[in-house]
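Chemist: One structure coming up, written as structure tokens, with questions to follow.
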Amino acid sequence: MPAVFDIQSLVRPHLLKLKPYSSARDEFTGEAEVFLDANENAFGSAADGAYNRYPDPLQQAVKAELAALKGLRPEQIFLGNGSDEAIDLLYRCFCEPGRDHALLMPPTYGMYQVSADVNRTDVVQVPLTPDFQIDAEEVVAALRPGTKLVFICSPNNPSGNCMDERGIELVLRHAPGLVVVDEAYIDFAPERSLVPFLSRWPNLVILQTFSKAWGMAGLRLGMAFAHPDLIAMLNKIKPPYNVNLLTQQLALDALRHPERRAQMVADLLEQRTQLREMLAALPRVQHIYPSDANFLLVRVDDANGLYQELIRKGIIVRNRSSVLHCGNCLRITVGTPEENAALAAAIKGSV
Ligand SMILES: *Cc1c(COP(=O)(O)O)cnc(C)c1O
């Protein structure tokens, strides 16, 4: 990483000249009572409630609350239609198709590869070690000038463990482009978030989401934290109204009740321990990996057979048995006490 962070040298050249869409509300800021500038419906909404006005394109109220909660400035925050939108925008912003590439560490979250494919970006793979740790020396050895994005998922999906902090720092030190640390599950982990690293590493992007600990997957709200210059680029290329009005309102509601999220996380961690104990007692279960997330990766005697049998009993888990290092593994999300008991009973009664 060069001593001076130069976002311009990383961005796809044609985007430096991009003139972003200017919305009606961008062109007028101030006080007014009559808004006839955006072709909205002045009479109201066909649904119950008032949804006839476009939402704030930069989600300033949500960012103000979030900034206070995370110890960041609003200019360091991007909000998207799920973290998946941030992942896609990072590729679109930095990876020139057929020229630049991303570095992924399988087994990991599938969207990094899908987004690379959608954006016609090549991928270099440096597998995690068999115990699912980042192989930082191998990653550094694989870095090339065109390595624009390195994705590190911590805690990792599907293995559930956090990546070694010193390994991540080694990659940050050597990466010629951006290092994206996906912390979708960080609220369930004993390890701290890397958010404090942002002041030292301008090439770091941290992803978090409202989909897991906040319990708002249906609303689609993802966060990216990074250097203000990088956030400004993402804002420049995003669809103008990418986070809808209801999502912004309900995110504010959630952010004003952090104790609700904390209680759910505490309940979930208790259930994770319970589920682990129940599963460990079952003969078909061979190994349960350590988890810093809201799921367990579980190796069983016959993952494909058990997966089908659970489906017949109306219980759906994720079959990860075809994924690197995950032979005969099921990924099981921690449920309510009743759901976990039903799962354990179904496995126990299986053949
Ligand atoms: C669930 C998950 C997300 C969340 O994606 P959203 O689009 O915000 O719902 C992000 N990264 C990983 C690794 C996940 O498992």
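Scheme for the structure tokens: letters A, B, ... for chains in order shown; per-chain residue numbers from 1; ligand numbers from 1 in order shown.
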Using only C-alpha atoms and all ligand atoms, what does the table of chain A residues within 9 Å of ligand 1 look like, with each row giving the shortest atom pair and its distance in Å to one decimal, sorted by chain and ascending number, as CSV?
Modeler:
```
residue,atom,partner,partner_atom_place_in_ligand_line,distance
A:Gly80,CA,ligand 1,8 (O),8.2
A:Asn81,CA,ligand 1,7 (O),6.9
A:Gly82,CA,ligand 1,7 (O),3.4
A:Ser83,CA,ligand 1,8 (O),3.7
A:Asp84,CA,ligand 1,7 (O),4.0
A:Glu85,CA,ligand 1,7 (O),6.7
A:Ala86,CA,ligand 1,7 (O),8.3
A:Ile87,CA,ligand 1,7 (O),8.7
A:Thr108,CA,ligand 1,13 (C),7.3
A:Tyr109,CA,ligand 1,13 (C),4.8
A:Gly110,CA,ligand 1,13 (C),8.0
A:Met111,CA,ligand 1,11 (N),7.9
A:Tyr112,CA,ligand 1,13 (C),8.9
A:Cys153,CA,ligand 1,13 (C),5.9
A:Ser154,CA,ligand 1,13 (C),7.8
A:Pro155,CA,ligand 1,13 (C),7.8
A:Asn156,CA,ligand 1,13 (C),6.4
A:Asn157,CA,ligand 1,13 (C),5.2
A:Pro158,CA,ligand 1,15 (O),7.6
A:Asp182,CA,ligand 1,11 (N),5.9
A:Glu183,CA,ligand 1,11 (N),7.0
A:Ala184,CA,ligand 1,11 (N),4.9
A:Tyr185,CA,ligand 1,15 (O),7.2
A:Leu207,CA,ligand 1,10 (C),7.4
A:Gln208,CA,ligand 1,10 (C),7.0
A:Thr209,CA,ligand 1,8 (O),4.5
A:Phe210,CA,ligand 1,8 (O),6.3
A:Ser211,CA,ligand 1,9 (O),4.9
A:Lys212,CA,ligand 1,1 (C),6.6
A:Met216,CA,ligand 1,9 (O),8.5
A:Ala217,CA,ligand 1,9 (O),5.6
A:Gly218,CA,ligand 1,9 (O),8.2
A:Leu219,CA,ligand 1,9 (O),8.8
A:Arg220,CA,ligand 1,9 (O),5.9
A:Leu221,CA,ligand 1,8 (O),5.8
A:Gly222,CA,ligand 1,8 (O),4.4
A:Met223,CA,ligand 1,8 (O),7.6
```
Chemist: Could you write out, as JSON, numbers by chain, all the residues of range 165-199 of chain A that DSSP marks as strand (DSSP E)?
Modeler: {"A": [178, 179, 180, 181, 182]}
Chemist: Let's have the selection written as a tab-separated table (two decimals), in the first residue's frame, with C-alpha atoms.
Modeler:
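For reference, selection.tsv as written:
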```
chain	number	residue	atom	x	y	z
A	178	LEU	CA	-8.52	-2.80	-1.44
A	179	VAL	CA	-8.98	-5.38	1.30
A	180	VAL	CA	-12.66	-6.04	1.99
A	181	VAL	CA	-13.38	-7.58	5.40
A	182	ASP	CA	-16.94	-8.89	5.53
```
Chemist: Give me, as a list in words, all polymer residues having an atom no more than 12 Å from Arg53 in chain A, counting only C-alpha atoms and skipping those fewer than 5 positions away in the same chain.
Modeler: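 Listed by chain and then number, they are Ala24, Arg25, Phe35, Leu36, Asp37, Ala38, Asn39, Glu40, Asn41, Ala42, Phe43, Gly44, Ser45, Tyr241, Asn244, Leu245 and Leu246 of chain A.
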Chemist: Pick from A:Lys70, A:His325, A:Arg256, A:Arg318: nearest to Leu198 in chain A, with only C-alpha atoms counted?
Modeler: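 With only C-alpha atoms as the atom set, the closest residue is A:Lys70.
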Chemist: Please measure the separation of CA of Ser321 in chain A and CA of Asp131 in chain A, giving the value in Å to one decimal.
Modeler: 15.4 Å
Chemist: Considering only C-alpha atoms, can you say which of A:Val351, A:Cys326, A:Leu230, A:Ala102 comes closest to Leu306 in chain A?
Modeler: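 For Leu306 in chain A, the nearest of the candidates is A:Val351.
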Chemist: Compile a residue-level contact table for range 113-215 of chain A against range 266-270 of chain A at a cut-off of 10 Å, reporting for every qualifying residue the shortest atom pair and its distance in Å to one decimal, with only C-alpha atoms counted, rows ordered by chain and ascending number, as CSV.
Modeler:
```
residue,atom,partner,partner_atom,distance
A:Phe188,CA,A:Leu269,CA,7.2
A:Ala189,CA,A:Leu269,CA,9.4
A:Ala213,CA,A:Leu268,CA,9.1
```
Chemist: Next, the residues of the selection above should be written as a PDB file, in the first residue's frame with N, CA, C and O atoms.
Modeler:
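After the write, again.pdb holds the following:
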```
ATOM      1  N   PHE A 188     -21.852 -11.727  16.672  1.00  0.00           N
ATOM      2  CA  PHE A 188     -21.928 -12.995  17.403  1.00  0.00           C
ATOM      3  C   PHE A 188     -20.553 -13.456  17.879  1.00  0.00           C
ATOM      4  O   PHE A 188     -20.435 -14.498  18.521  1.00  0.00           O
ATOM      5  N   ALA A 189     -19.508 -12.698  17.536  1.00  0.00           N
ATOM      6  CA  ALA A 189     -18.136 -13.154  17.776  1.00  0.00           C
ATOM      7  C   ALA A 189     -17.547 -12.506  19.024  1.00  0.00           C
ATOM      8  O   ALA A 189     -17.860 -11.362  19.332  1.00  0.00           O
ATOM      9  N   ALA A 213     -27.649 -10.037  12.995  1.00  0.00           N
ATOM     10  CA  ALA A 213     -27.907  -9.726  14.411  1.00  0.00           C
ATOM     11  C   ALA A 213     -29.088  -8.763  14.575  1.00  0.00           C
ATOM     12  O   ALA A 213     -29.840  -8.861  15.553  1.00  0.00           O
TER      13      ALA A 213
END
```
Chemist: Residues of range 125-158 of chain A in alpha helix (DSSP H) according to DSSP, as an MDAnalysis selection string?
Modeler: chainID A and resid 136:142
Chemist: Could you save those same residues with N, CA, C and O atoms as a CSV table (one decimal), in the first residue's frame?
Modeler:
```csv
chain,number,residue,atom,x,y,z
A,136,ALA,N,-2.1,-16.3,5.2
A,136,ALA,CA,-1.7,-14.9,4.8
A,136,ALA,C,-0.5,-14.9,4.0
A,136,ALA,O,-0.4,-14.1,3.0
A,137,GLU,N,0.5,-15.8,4.3
A,137,GLU,CA,1.7,-15.8,3.4
A,137,GLU,C,1.4,-16.1,2.0
A,137,GLU,O,1.9,-15.5,1.0
A,138,GLU,N,0.6,-17.1,1.8
A,138,GLU,CA,0.2,-17.5,0.5
A,138,GLU,C,-0.6,-16.4,-0.2
A,138,GLU,O,-0.5,-16.2,-1.4
A,139,VAL,N,-1.5,-15.7,0.5
A,139,VAL,CA,-2.2,-14.6,-0.1
A,139,VAL,C,-1.3,-13.6,-0.5
A,139,VAL,O,-1.4,-13.1,-1.7
A,140,VAL,N,-0.3,-13.2,0.3
A,140,VAL,CA,0.6,-12.1,-0.1
A,140,VAL,C,1.4,-12.5,-1.3
A,140,VAL,O,1.6,-11.8,-2.2
A,141,ALA,N,1.8,-13.8,-1.4
A,141,ALA,CA,2.6,-14.3,-2.5
A,141,ALA,C,1.8,-14.3,-3.8
A,141,ALA,O,2.3,-14.2,-4.9
A,142,ALA,N,0.4,-14.3,-3.7
A,142,ALA,CA,-0.4,-14.4,-4.9
A,142,ALA,C,-0.8,-13.0,-5.3
A,142,ALA,O,-1.5,-12.8,-6.4
```
